$ cat input23.tsv   # TSV, C-alpha atoms and all ligand atoms
chain	number	residue	atom	x	y	z
A	1	MET	CA	20.34	-12.11	16.69
A	2	ALA	CA	17.84	-9.63	15.25
A	3	ILE	CA	15.93	-10.80	12.18
A	4	PHE	CA	15.74	-8.26	9.36
A	5	SER	CA	13.65	-8.19	6.19
A	6	ILE	CA	15.07	-8.67	2.72
A	7	LEU	CA	12.99	-6.97	0.04
A	8	ASP	CA	13.58	-7.58	-3.66
A	9	ALA	CA	12.83	-5.07	-6.43
A	10	SER	CA	9.09	-5.74	-6.67
A	11	GLU	CA	8.60	-5.85	-2.88
A	12	THR	CA	10.54	-2.58	-2.56
A	13	ALA	CA	8.50	-0.90	-5.35
A	14	ALA	CA	5.19	-2.11	-3.84
A	15	ARG	CA	5.97	-0.15	-0.66
A	16	LEU	CA	6.74	3.08	-2.51
A	17	PRO	CA	3.43	4.31	-4.00
A	18	PHE	CA	4.09	7.76	-5.46
A	19	PRO	CA	1.53	9.83	-3.51
A	20	GLU	CA	2.97	8.62	-0.18
A	21	LEU	CA	6.58	8.85	-1.35
A	22	ILE	CA	6.12	12.43	-2.63
A	23	GLU	CA	4.56	13.50	0.68
A	24	ALA	CA	7.33	11.74	2.67
A	25	LEU	CA	9.94	13.55	0.55
A	26	ARG	CA	8.27	16.91	1.22
A	27	GLU	CA	8.54	16.26	4.93
A	28	GLY	CA	12.06	14.82	4.60
A	29	PHE	CA	13.44	17.75	2.58
A	30	ALA	CA	11.92	20.19	5.10
A	31	ILE	CA	13.47	18.39	8.10
A	32	GLY	CA	16.81	17.46	6.49
A	33	CYS	CA	19.21	14.75	7.72
A	34	GLN	CA	22.91	14.07	8.32
A	35	LEU	CA	24.81	13.44	5.10
A	36	PRO	CA	28.53	12.73	5.27
A	37	GLU	CA	30.57	12.65	2.07
A	38	ARG	CA	30.06	9.59	-0.10
A	39	HIS	CA	32.94	7.08	-0.27
A	40	HIS	CA	34.33	6.09	-3.60
A	41	HIS	CA	36.65	3.07	-3.95
A	42	THR	CA	38.31	1.98	-7.18
A	43	MET	CA	38.92	-1.74	-7.67
A	44	ALA	CA	41.52	-2.73	-10.29
A	45	ARG	CA	40.53	-5.54	-12.69
A	46	VAL	CA	42.66	-7.60	-15.06
A	47	GLY	CA	41.73	-7.31	-18.75
A	48	GLU	CA	38.77	-4.97	-18.21
A	49	PRO	CA	38.13	-1.43	-16.89
A	50	ASP	CA	38.41	-0.73	-13.16
A	51	ALA	CA	35.29	-1.35	-11.09
A	52	THR	CA	33.96	1.05	-8.42
A	53	LEU	CA	32.31	0.64	-5.04
A	54	LEU	CA	30.28	3.62	-3.82
A	55	LEU	CA	29.08	3.88	-0.22
A	56	MET	CA	26.46	6.54	0.45
A	57	PRO	CA	25.51	6.92	4.13
A	58	ALA	CA	22.80	9.11	5.66
A	59	TRP	CA	21.18	9.25	9.08
A	60	THR	CA	18.38	11.11	10.84
A	61	ASN	CA	19.04	14.30	12.83
A	62	PRO	CA	19.80	13.57	16.51
A	63	ASP	CA	16.60	15.25	17.76
A	64	GLU	CA	14.22	13.07	15.73
A	65	ARG	CA	11.91	10.75	17.63
A	66	GLU	CA	12.68	7.73	15.43
A	67	GLN	CA	16.35	7.25	14.57
A	68	TYR	CA	17.45	5.63	11.32
A	69	LEU	CA	20.77	5.07	9.59
A	70	GLY	CA	20.97	4.00	5.95
A	71	VAL	CA	23.76	3.16	3.53
A	72	LYS	CA	23.35	2.79	-0.21
A	73	LEU	CA	25.97	0.43	-1.62
A	74	VAL	CA	26.53	0.67	-5.35
A	75	THR	CA	28.86	-1.47	-7.46
A	76	VAL	CA	29.74	-0.17	-10.91
A	77	VAL	CA	31.38	-2.80	-13.12
A	78	PRO	CA	31.85	-1.56	-16.70
A	79	GLY	CA	33.24	-4.98	-17.68
A	80	ASN	CA	29.78	-6.48	-17.20
A	81	ALA	CA	28.83	-5.08	-20.64
A	82	SER	CA	30.84	-7.93	-22.23
A	83	ARG	CA	29.13	-10.42	-19.88
A	84	GLY	CA	25.70	-9.20	-20.95
A	85	ILE	CA	24.64	-8.31	-17.40
A	86	PRO	CA	23.92	-4.90	-15.80
A	87	GLY	CA	26.96	-2.81	-14.91
A	88	LEU	CA	25.40	-1.15	-11.88
A	89	VAL	CA	23.98	-2.95	-8.85
A	90	SER	CA	22.62	-1.07	-5.89
A	91	THR	CA	21.52	-2.25	-2.45
A	92	TYR	CA	20.12	-0.25	0.46
A	93	MET	CA	20.75	-1.30	4.06
A	94	LEU	CA	18.59	0.35	6.72
A	95	TYR	CA	19.52	0.24	10.43
A	96	ASN	CA	18.00	1.39	13.68
A	97	GLY	CA	19.93	4.65	14.04
A	98	LEU	CA	19.95	4.43	17.84
A	99	THR	CA	21.07	0.84	18.35
A	100	GLY	CA	22.75	0.08	15.02
A	101	GLU	CA	20.63	-3.08	14.55
A	102	GLN	CA	19.79	-4.05	10.97
A	103	LEU	CA	16.18	-3.40	9.99
A	104	ALA	CA	15.93	-4.19	6.29
A	105	LEU	CA	17.92	-4.83	3.14
A	106	MET	CA	16.19	-3.56	0.00
A	107	ASP	CA	16.70	-3.14	-3.73
A	108	GLY	CA	18.74	0.02	-4.22
A	109	ASN	CA	17.95	0.48	-7.93
A	110	THR	CA	14.25	0.64	-7.09
A	111	ILE	CA	14.88	3.10	-4.25
A	112	THR	CA	16.95	5.32	-6.59
A	113	GLY	CA	14.54	5.22	-9.52
A	114	ARG	CA	11.40	5.90	-7.54
A	115	ARG	CA	12.84	8.57	-5.22
A	116	THR	CA	14.34	10.35	-8.25
A	117	VAL	CA	11.08	10.75	-10.16
A	118	ALA	CA	9.14	11.43	-6.94
A	119	THR	CA	11.61	14.24	-6.14
A	120	SER	CA	10.92	15.76	-9.56
A	121	ALA	CA	7.17	15.38	-9.09
A	122	LEU	CA	7.40	17.14	-5.71
A	123	ALA	CA	9.23	20.05	-7.35
A	124	ALA	CA	6.65	20.13	-10.16
A	125	LYS	CA	3.87	20.37	-7.59
A	126	TYR	CA	5.30	23.76	-6.61
A	127	LEU	CA	6.59	24.89	-10.01
A	128	SER	CA	4.37	23.65	-12.85
A	129	ARG	CA	1.00	25.13	-13.78
A	130	PRO	CA	-1.72	23.23	-11.82
A	131	GLU	CA	-3.62	22.33	-15.01
A	132	SER	CA	-0.52	20.86	-16.73
A	133	SER	CA	-1.74	17.82	-18.65
A	134	LYS	CA	0.75	17.26	-21.50
A	135	LEU	CA	3.98	15.60	-20.40
A	136	LEU	CA	7.00	15.09	-22.65
A	137	VAL	CA	9.52	12.51	-21.41
A	138	ILE	CA	12.97	12.61	-22.99
A	139	GLY	CA	14.96	9.44	-22.25
A	140	ALA	CA	12.94	6.25	-21.87
A	141	GLY	CA	15.31	4.23	-19.68
A	142	ARG	CA	14.98	2.95	-16.13
A	143	VAL	CA	14.33	6.40	-14.67
A	144	GLY	CA	12.46	7.91	-17.64
A	145	SER	CA	9.92	5.10	-17.74
A	146	LEU	CA	8.86	5.91	-14.15
A	147	ILE	CA	8.31	9.64	-14.79
A	148	PRO	CA	4.64	9.56	-15.97
A	149	ASP	CA	3.44	7.61	-12.94
A	150	ALA	CA	5.09	10.01	-10.51
A	151	TYR	CA	3.76	13.11	-12.30
A	152	ARG	CA	0.25	11.66	-12.42
A	153	ALA	CA	0.29	11.81	-8.61
A	154	VAL	CA	0.59	15.62	-8.66
A	155	ARG	CA	-0.81	16.84	-12.00
A	156	PRO	CA	-3.77	15.82	-14.25
A	157	ILE	CA	-1.49	14.30	-16.91
A	158	ASP	CA	-3.63	12.87	-19.73
A	159	GLU	CA	-1.15	12.72	-22.58
A	160	VAL	CA	2.47	11.53	-22.58
A	161	HIS	CA	4.92	11.92	-25.45
A	162	VAL	CA	8.18	9.99	-25.41
A	163	TRP	CA	11.48	10.72	-27.14
A	164	ASP	CA	14.61	8.58	-26.92
A	165	MET	CA	17.62	8.33	-29.23
A	166	ASN	CA	16.85	4.60	-29.23
A	167	PRO	CA	13.46	4.25	-31.02
A	168	GLU	CA	12.97	0.79	-29.53
A	169	ALA	CA	13.14	2.26	-25.99
A	170	SER	CA	10.51	4.92	-26.87
A	171	ARG	CA	8.25	2.32	-28.48
A	172	ARG	CA	8.49	-0.01	-25.47
A	173	MET	CA	7.67	2.78	-23.03
A	174	VAL	CA	4.70	3.97	-25.10
A	175	GLU	CA	3.36	0.40	-25.31
A	176	ASN	CA	3.61	0.01	-21.55
A	177	LEU	CA	1.84	3.32	-20.95
A	178	ALA	CA	-0.91	2.40	-23.41
A	179	SER	CA	-1.42	-0.96	-21.71
A	180	ASP	CA	-1.92	0.97	-18.45
A	181	GLY	CA	-4.63	3.01	-20.21
A	182	ILE	CA	-2.54	6.18	-20.59
A	183	ARG	CA	-2.71	8.12	-23.89
A	184	ALA	CA	0.89	8.01	-25.17
A	185	ALA	CA	2.80	8.43	-28.41
A	186	VAL	CA	6.36	8.22	-29.69
A	187	VAL	CA	7.62	11.67	-30.69
A	188	ALA	CA	8.08	12.12	-34.42
A	189	ASP	CA	9.44	15.67	-34.27
A	190	LEU	CA	11.16	16.78	-31.07
A	191	ARG	CA	10.72	20.51	-31.69
A	192	THR	CA	6.94	20.18	-32.07
A	193	ALA	CA	6.72	17.98	-28.98
A	194	VAL	CA	8.67	20.53	-26.90
A	195	GLU	CA	6.50	23.38	-28.24
A	196	GLN	CA	3.30	21.59	-27.17
A	197	ALA	CA	4.32	20.27	-23.73
A	198	ASP	CA	3.25	21.67	-20.36
A	199	ILE	CA	6.00	19.74	-18.58
A	200	ILE	CA	9.23	18.41	-20.10
A	201	SER	CA	11.20	15.88	-18.08
A	202	THR	CA	14.61	14.64	-19.26
A	203	ALA	CA	16.43	11.52	-18.02
A	204	THR	CA	19.22	10.90	-20.52
A	205	LEU	CA	23.01	10.59	-20.53
A	206	SER	CA	23.37	13.45	-23.00
A	207	THR	CA	26.43	15.70	-23.22
A	208	GLU	CA	24.69	18.04	-25.72
A	209	PRO	CA	21.64	20.22	-25.00
A	210	ILE	CA	18.39	18.56	-26.10
A	211	VAL	CA	15.84	21.13	-24.86
A	212	LYS	CA	16.14	24.48	-26.67
A	213	ARG	CA	14.81	27.78	-25.31
A	214	ASP	CA	13.49	28.78	-28.75
A	215	TRP	CA	11.14	25.81	-28.72
A	216	LEU	CA	9.62	26.41	-25.25
A	217	ARG	CA	6.22	28.04	-24.99
A	218	PRO	CA	5.38	30.35	-22.07
A	219	GLY	CA	4.37	28.54	-18.88
A	220	THR	CA	6.38	25.36	-19.47
A	221	HIS	CA	8.09	23.58	-16.58
A	222	VAL	CA	11.41	21.92	-17.47
A	223	ASP	CA	12.68	19.12	-15.23
A	224	LEU	CA	16.30	18.05	-15.81
A	225	ILE	CA	17.08	14.70	-14.17
A	226	GLY	CA	19.87	13.20	-16.25
A	227	GLY	CA	23.10	15.23	-16.16
A	228	PHE	CA	25.20	14.53	-13.10
A	229	THR	CA	28.72	15.58	-14.22
A	230	PRO	CA	30.01	18.99	-15.38
A	231	LYS	CA	30.30	17.66	-18.95
A	232	MET	CA	26.66	16.57	-19.27
A	233	ARG	CA	23.94	18.83	-20.71
A	234	GLU	CA	20.21	18.43	-21.30
A	235	ALA	CA	19.11	22.08	-21.79
A	236	ASP	CA	20.77	24.90	-23.73
A	237	ASP	CA	22.30	28.03	-22.21
A	238	ALA	CA	19.34	30.15	-23.34
A	239	THR	CA	16.90	27.95	-21.38
A	240	ILE	CA	19.06	28.12	-18.27
A	241	SER	CA	19.53	31.89	-18.42
A	242	PHE	CA	15.86	32.59	-19.20
A	243	ALA	CA	14.07	30.21	-16.82
A	244	ARG	CA	13.47	30.68	-13.10
A	245	LEU	CA	15.94	28.12	-11.74
A	246	TYR	CA	15.49	25.68	-8.87
A	247	VAL	CA	17.68	22.81	-7.64
A	248	ASP	CA	17.17	19.74	-5.44
A	249	THR	CA	20.28	20.51	-3.33
A	250	PRO	CA	23.13	23.04	-3.58
A	251	GLU	CA	25.40	20.21	-4.87
A	252	ALA	CA	23.69	20.62	-8.24
A	253	LEU	CA	25.59	23.91	-8.65
A	254	HIS	CA	28.91	22.05	-8.59
A	255	GLU	CA	28.03	18.74	-10.25
A	256	ALA	CA	25.57	19.41	-13.08
A	257	GLY	CA	26.88	20.64	-16.43
A	258	ASP	CA	23.55	22.40	-17.04
A	259	LEU	CA	24.53	24.79	-14.21
A	260	VAL	CA	28.34	24.44	-13.97
A	261	GLN	CA	28.92	25.42	-17.62
A	262	PRO	CA	26.76	28.61	-17.68
A	263	ILE	CA	28.18	29.62	-14.28
A	264	GLU	CA	31.75	29.17	-15.62
A	265	SER	CA	30.98	31.19	-18.73
A	266	GLY	CA	29.46	33.99	-16.61
A	267	LEU	CA	25.99	33.63	-18.11
A	268	ILE	CA	24.42	33.01	-14.69
A	269	THR	CA	25.69	33.08	-11.10
A	270	GLU	CA	24.96	30.79	-8.17
A	271	GLU	CA	22.52	33.48	-7.02
A	272	SER	CA	20.48	32.93	-10.19
A	273	VAL	CA	19.07	29.82	-8.50
A	274	VAL	CA	15.88	30.97	-6.80
A	275	ALA	CA	15.48	28.15	-4.26
A	276	THR	CA	16.29	24.56	-3.30
A	277	LEU	CA	13.76	21.79	-2.76
A	278	ARG	CA	14.23	22.29	0.99
A	279	ASP	CA	13.07	25.92	0.62
A	280	LEU	CA	10.12	24.85	-1.53
A	281	SER	CA	9.13	22.09	0.91
A	282	LEU	CA	9.39	24.37	3.95
A	283	ALA	CA	7.16	26.99	2.28
A	284	ASP	CA	4.87	24.21	0.94
A	285	LYS	CA	2.98	26.50	-1.45
A	286	PRO	CA	3.09	27.20	-5.19
A	287	ALA	CA	6.31	29.00	-6.14
A	288	ARG	CA	5.33	29.85	-9.73
A	289	GLU	CA	4.65	33.58	-10.06
A	290	SER	CA	2.68	33.62	-13.32
A	291	ASP	CA	1.15	31.34	-15.95
A	292	GLU	CA	3.71	32.63	-18.45
A	293	GLU	CA	7.01	32.08	-16.70
A	294	ILE	CA	9.26	29.17	-17.64
A	295	THR	CA	10.54	27.25	-14.64
A	296	CYS	CA	13.45	24.80	-14.56
A	297	PHE	CA	14.29	22.27	-11.85
A	298	LYS	CA	17.70	20.60	-11.90
A	299	ALA	CA	18.30	17.57	-9.67
A	300	VAL	CA	21.45	15.53	-9.06
A	301	GLY	CA	20.00	13.22	-6.43
A	302	SER	CA	20.40	13.08	-2.68
A	303	GLY	CA	21.10	10.53	0.05
A	304	LEU	CA	18.31	12.25	1.97
A	305	ALA	CA	15.76	11.11	-0.61
A	306	ASP	CA	17.17	7.56	-0.44
A	307	LEU	CA	16.80	7.50	3.35
A	308	VAL	CA	13.23	8.87	3.16
A	309	ALA	CA	12.29	6.16	0.65
A	310	ALA	CA	13.98	3.40	2.65
A	311	LYS	CA	12.12	4.42	5.81
A	312	LEU	CA	8.84	4.26	3.90
A	313	VAL	CA	9.66	0.78	2.58
A	314	TYR	CA	10.57	-0.42	6.06
A	315	ARG	CA	7.44	1.00	7.69
A	316	GLY	CA	5.34	-0.57	4.93
A	317	SER	CA	6.97	-3.96	5.44
A	318	LYS	CA	6.39	-3.76	9.21
A	319	ALA	CA	2.74	-2.82	8.69
A	320	ARG	CA	2.25	-5.99	6.65
B	1	LIG	N1	18.97	13.19	-10.58
B	1	LIG	C1	18.98	12.01	-9.98
B	1	LIG	O1	18.71	11.89	-8.79
B	1	LIG	C2	19.27	10.78	-10.79
B	1	LIG	C3	19.04	9.52	-10.23
B	1	LIG	C4	19.24	8.38	-11.02
B	1	LIG	C5	19.70	8.52	-12.31
B	1	LIG	N2	19.96	9.76	-12.79
B	1	LIG	C6	20.48	9.95	-14.13
B	1	LIG	O2	19.41	9.85	-15.08
B	1	LIG	C7	19.93	9.42	-16.34
B	1	LIG	C8	19.13	8.23	-16.83
B	1	LIG	O3	19.34	7.14	-15.95
B	1	LIG	P1	18.73	5.70	-16.31
B	1	LIG	O4	19.07	4.81	-15.18
B	1	LIG	O5	17.31	5.84	-16.73
B	1	LIG	O6	19.62	5.33	-17.57
B	1	LIG	P2	19.23	4.32	-18.74
B	1	LIG	O7	20.51	3.97	-19.40
B	1	LIG	O8	18.34	3.23	-18.23
B	1	LIG	O9	18.34	5.21	-19.73
B	1	LIG	C9	18.83	6.31	-20.41
B	1	LIG	C10	18.00	6.47	-21.68
B	1	LIG	O10	18.34	7.72	-22.26
B	1	LIG	C11	18.54	7.53	-23.65
B	1	LIG	N3	19.47	8.56	-24.06
B	1	LIG	C12	20.78	8.69	-23.73
B	1	LIG	N4	21.29	9.80	-24.30
B	1	LIG	C13	20.27	10.38	-25.00
B	1	LIG	C14	20.16	11.55	-25.79
B	1	LIG	N5	21.21	12.33	-25.99
B	1	LIG	N6	18.95	11.84	-26.37
B	1	LIG	C15	17.88	11.04	-26.17
B	1	LIG	N7	17.94	9.92	-25.43
B	1	LIG	C16	19.11	9.59	-24.85
B	1	LIG	C17	19.07	6.11	-23.79
B	1	LIG	O11	18.82	5.58	-25.08
B	1	LIG	C18	18.29	5.38	-22.70
B	1	LIG	O12	17.07	4.85	-23.19
B	1	LIG	C19	21.41	9.09	-16.08
B	1	LIG	O13	22.20	10.21	-16.46
B	1	LIG	C20	21.46	8.90	-14.59
B	1	LIG	O14	22.73	9.13	-14.04
B	1	LIG	C21	19.75	10.89	-12.07

$ encode --input "input23.tsv" --output "structure tokens"
Amino acid sequence: MAIFSILDASETAARLPFPELIEALREGFAIGCQLPERHHHTMARVGEPDATLLLMPAWTNPDEREQYLGVKLVTVVPGNASRGIPGLVSTYMLYNGLTGEQLALMDGNTITGRRTVATSALAAKYLSRPESSKLLVIGAGRVGSLIPDAYRAVRPIDEVHVWDMNPEASRRMVENLASDGIRAAVVADLRTAVEQADIISTATLSTEPIVKRDWLRPGTHVDLIGGFTPKMREADDATISFARLYVDTPEALHEAGDLVQPIESGLITEESVVATLRDLSLADKPARESDEEITCFKAVGSGLADLVAAKLVYRGSKAR
């Protein structure tokens, strides 16, 4: 029987340095992969909310030299809140796509977190001003806390401001950044922080707009990571209708409230989106047209990015 590697969170993270991951994503988005619909199973529980099992498969195109198949398995157990343990557990299983043999089992939360911020950094490489140095992070959770590291791989970020509705989360993130030698501060006034930022990246669970068009200065790049349902919002209608819009995949048009709501109200149309990350990666050149324009990238996440990251982890573990 084939022996396959098992990589925990820190071993998975160690094999996903941002410069390499961002470059692998550029190549991956340009090439594409096979992505069937995700499976969603509800599991009834007694005395607590239903749990969910999500299965997210992806595999390489048939003409690729190396064939891979990956499945992200995610359990969502809301009842874990009362047990004091995390409600979401994610695992990634990578197979040889030709033979179906297992290659590696890795930590899915790490894959998701790192590929998410690396995807945003890749978009920012094409969309933000090259000299962008002031980063504002809104939402200092699992994903938000990874944002500065990913952006530092593509832009000369020398100052990070952090805003979270939970002051303890902002403080913790700022302390961690400072201990890594990065100039960082907790935001005292959100409006001022938005007005001064070159890049604003949001990773919250908000259902109300946080970023307001009136606060944005010319040349800002806005990166919306958090909202993944039609009810969620991170930017206001004025930002969405004013900015040059980009998405990770066309699914964002149907899943993200930041786009679904203004499309439904007739403020923008699907054609208002200038390009996807595949288009940007294929062109592989700056897409910003002036130092003044405001750009906005909205991502909802993709199984393609998971597969790209998992391949990188596996190759790294083989090399060792
Ligand atoms: N686009 C993608 O590919 C992708 C991938 C993974 C996660 N996400 C999404 O990113 C978001 C963050 O995920 P996470 O794992 O970091 O969650 P998390 O719970 O670890 O962190 C969220 C943080 O946002 C803060 N927050 C929530 N609402 C806020 C608001 N209105 N204003 C300010 N701060 C607020 C919380 O206090 C928390 O610190 C979620 O919506 C998640 O679904 C997107």

$ residues_around --input "input23.tsv" --residues "range 169-177 of chain A" --least-positions-apart "6" --cutoff "8 Å" --atoms "only C-alpha atoms" --output "tab-separated table (two decimals) with C-alpha atoms, in the coordinates of the input"
chain	number	residue	atom	x	y	z
A	139	GLY	CA	14.96	9.44	-22.25
A	140	ALA	CA	12.94	6.25	-21.87
A	141	GLY	CA	15.31	4.23	-19.68
A	145	SER	CA	9.92	5.10	-17.74
A	161	HIS	CA	4.92	11.92	-25.45
A	162	VAL	CA	8.18	9.99	-25.41
A	163	TRP	CA	11.48	10.72	-27.14
A	183	ARG	CA	-2.71	8.12	-23.89
A	184	ALA	CA	0.89	8.01	-25.17
A	185	ALA	CA	2.80	8.43	-28.41
A	186	VAL	CA	6.36	8.22	-29.69

$ atom_distance --input "input23.tsv" --atom1 "CA of Thr249 in chain A" --atom2 "CA of Arg278 in chain A"
7.6 Å

$ closest_residue --input "input23.tsv" --among "A:Leu136, A:Asp158, A:Leu105, A:Ile147" --to "Arg191 in chain A" --atoms "only C-alpha atoms"
A:Leu136

$ residues_near_point --input "input23.tsv" --point "(14.6, 18.5, 8.5)" --cutoff "12 Å" --atoms "all atoms listed in the file" --output "list of chain:residue names"
A:Ala24, A:Leu25, A:Arg26, A:Glu27, A:Gly28, A:Phe29, A:Ala30, A:Ile31, A:Gly32, A:Cys33, A:Gln34, A:Leu35, A:Trp59, A:Thr60, A:Asn61, A:Pro62, A:Asp63, A:Glu64, A:Leu277, A:Arg278, A:Asp279, A:Ser281, A:Leu282, A:Leu304, A:Ala305, A:Val308

$ residues_near_ligand --input "input23.tsv" --ligand "ligand LIG 1 (chain B)" --cutoff "7 Å" --atoms "all atoms listed in the file" --output "ChimeraX atom specification"
/A:112-113,116,138-144,163-166,169,203-208,210,225-228,299-302

$ atom_distance --input "input23.tsv" --atom1 "CA of Leu54 in chain A" --atom2 "CA of Thr42 in chain A"
8.9 Å

$ residues_around --input "input23.tsv" --residues "Asp223 in chain A" --least-positions-apart "3" --cutoff "12 Å" --atoms "all atoms listed in the file" --output "VMD selection string"
chain A and resid 116 to 125 127 to 128 135 to 138 144 147 151 197 to 204 211 220 226 to 227 234 to 235 239 to 240 243 to 248 258 294 to 300

$ atom_distance --input "input23.tsv" --atom1 "CA of Tyr314 in chain A" --atom2 "CA of Ala104 in chain A"
6.6 Å

$ residues_around --input "input23.tsv" --residues "range 96-98 of chain A" --least-positions-apart "6" --cutoff "9 Å" --atoms "all atoms listed in the file" --output "list in words"
Trp59, Thr60, Glu66, Gln67, Tyr68, Leu69 and Gly70 of chain A

$ closest_residue --input "input23.tsv" --among "A:Pro262, A:Arg65, A:Gly79, A:Pro130" --to "Val46 in chain A" --atoms "all atoms listed in the file"
A:Gly79

$ closest_residue --input "input23.tsv" --among "A:Ser179, A:Ser241, A:Ser132, A:Thr52" --to "Ser272 in chain A" --atoms "only C-alpha atoms"
A:Ser241

$ closest_residue --input "input23.tsv" --among "A:Asp107, A:Glu131, A:Glu23, A:Glu271" --to "Asp284 in chain A" --atoms "only C-alpha atoms"
A:Glu23

$ residues_around --input "input23.tsv" --residues "Gln261 in chain A" --least-positions-apart "2" --cutoff "12 Å" --atoms "all atoms listed in the file" --output "JSON, numbers by chain"
{"A": [207, 208, 209, 227, 229, 230, 231, 232, 233, 234, 235, 236, 237, 240, 241, 252, 253, 254, 255, 256, 257, 258, 259, 263, 264, 265, 266, 267, 268, 269, 270]}

$ residues_around --input "input23.tsv" --residues "Gly47 in chain A" --least-positions-apart "4" --cutoff "12 Å" --atoms "all atoms listed in the file" --output "ChimeraX atom specification"
/A:51,78-79,82
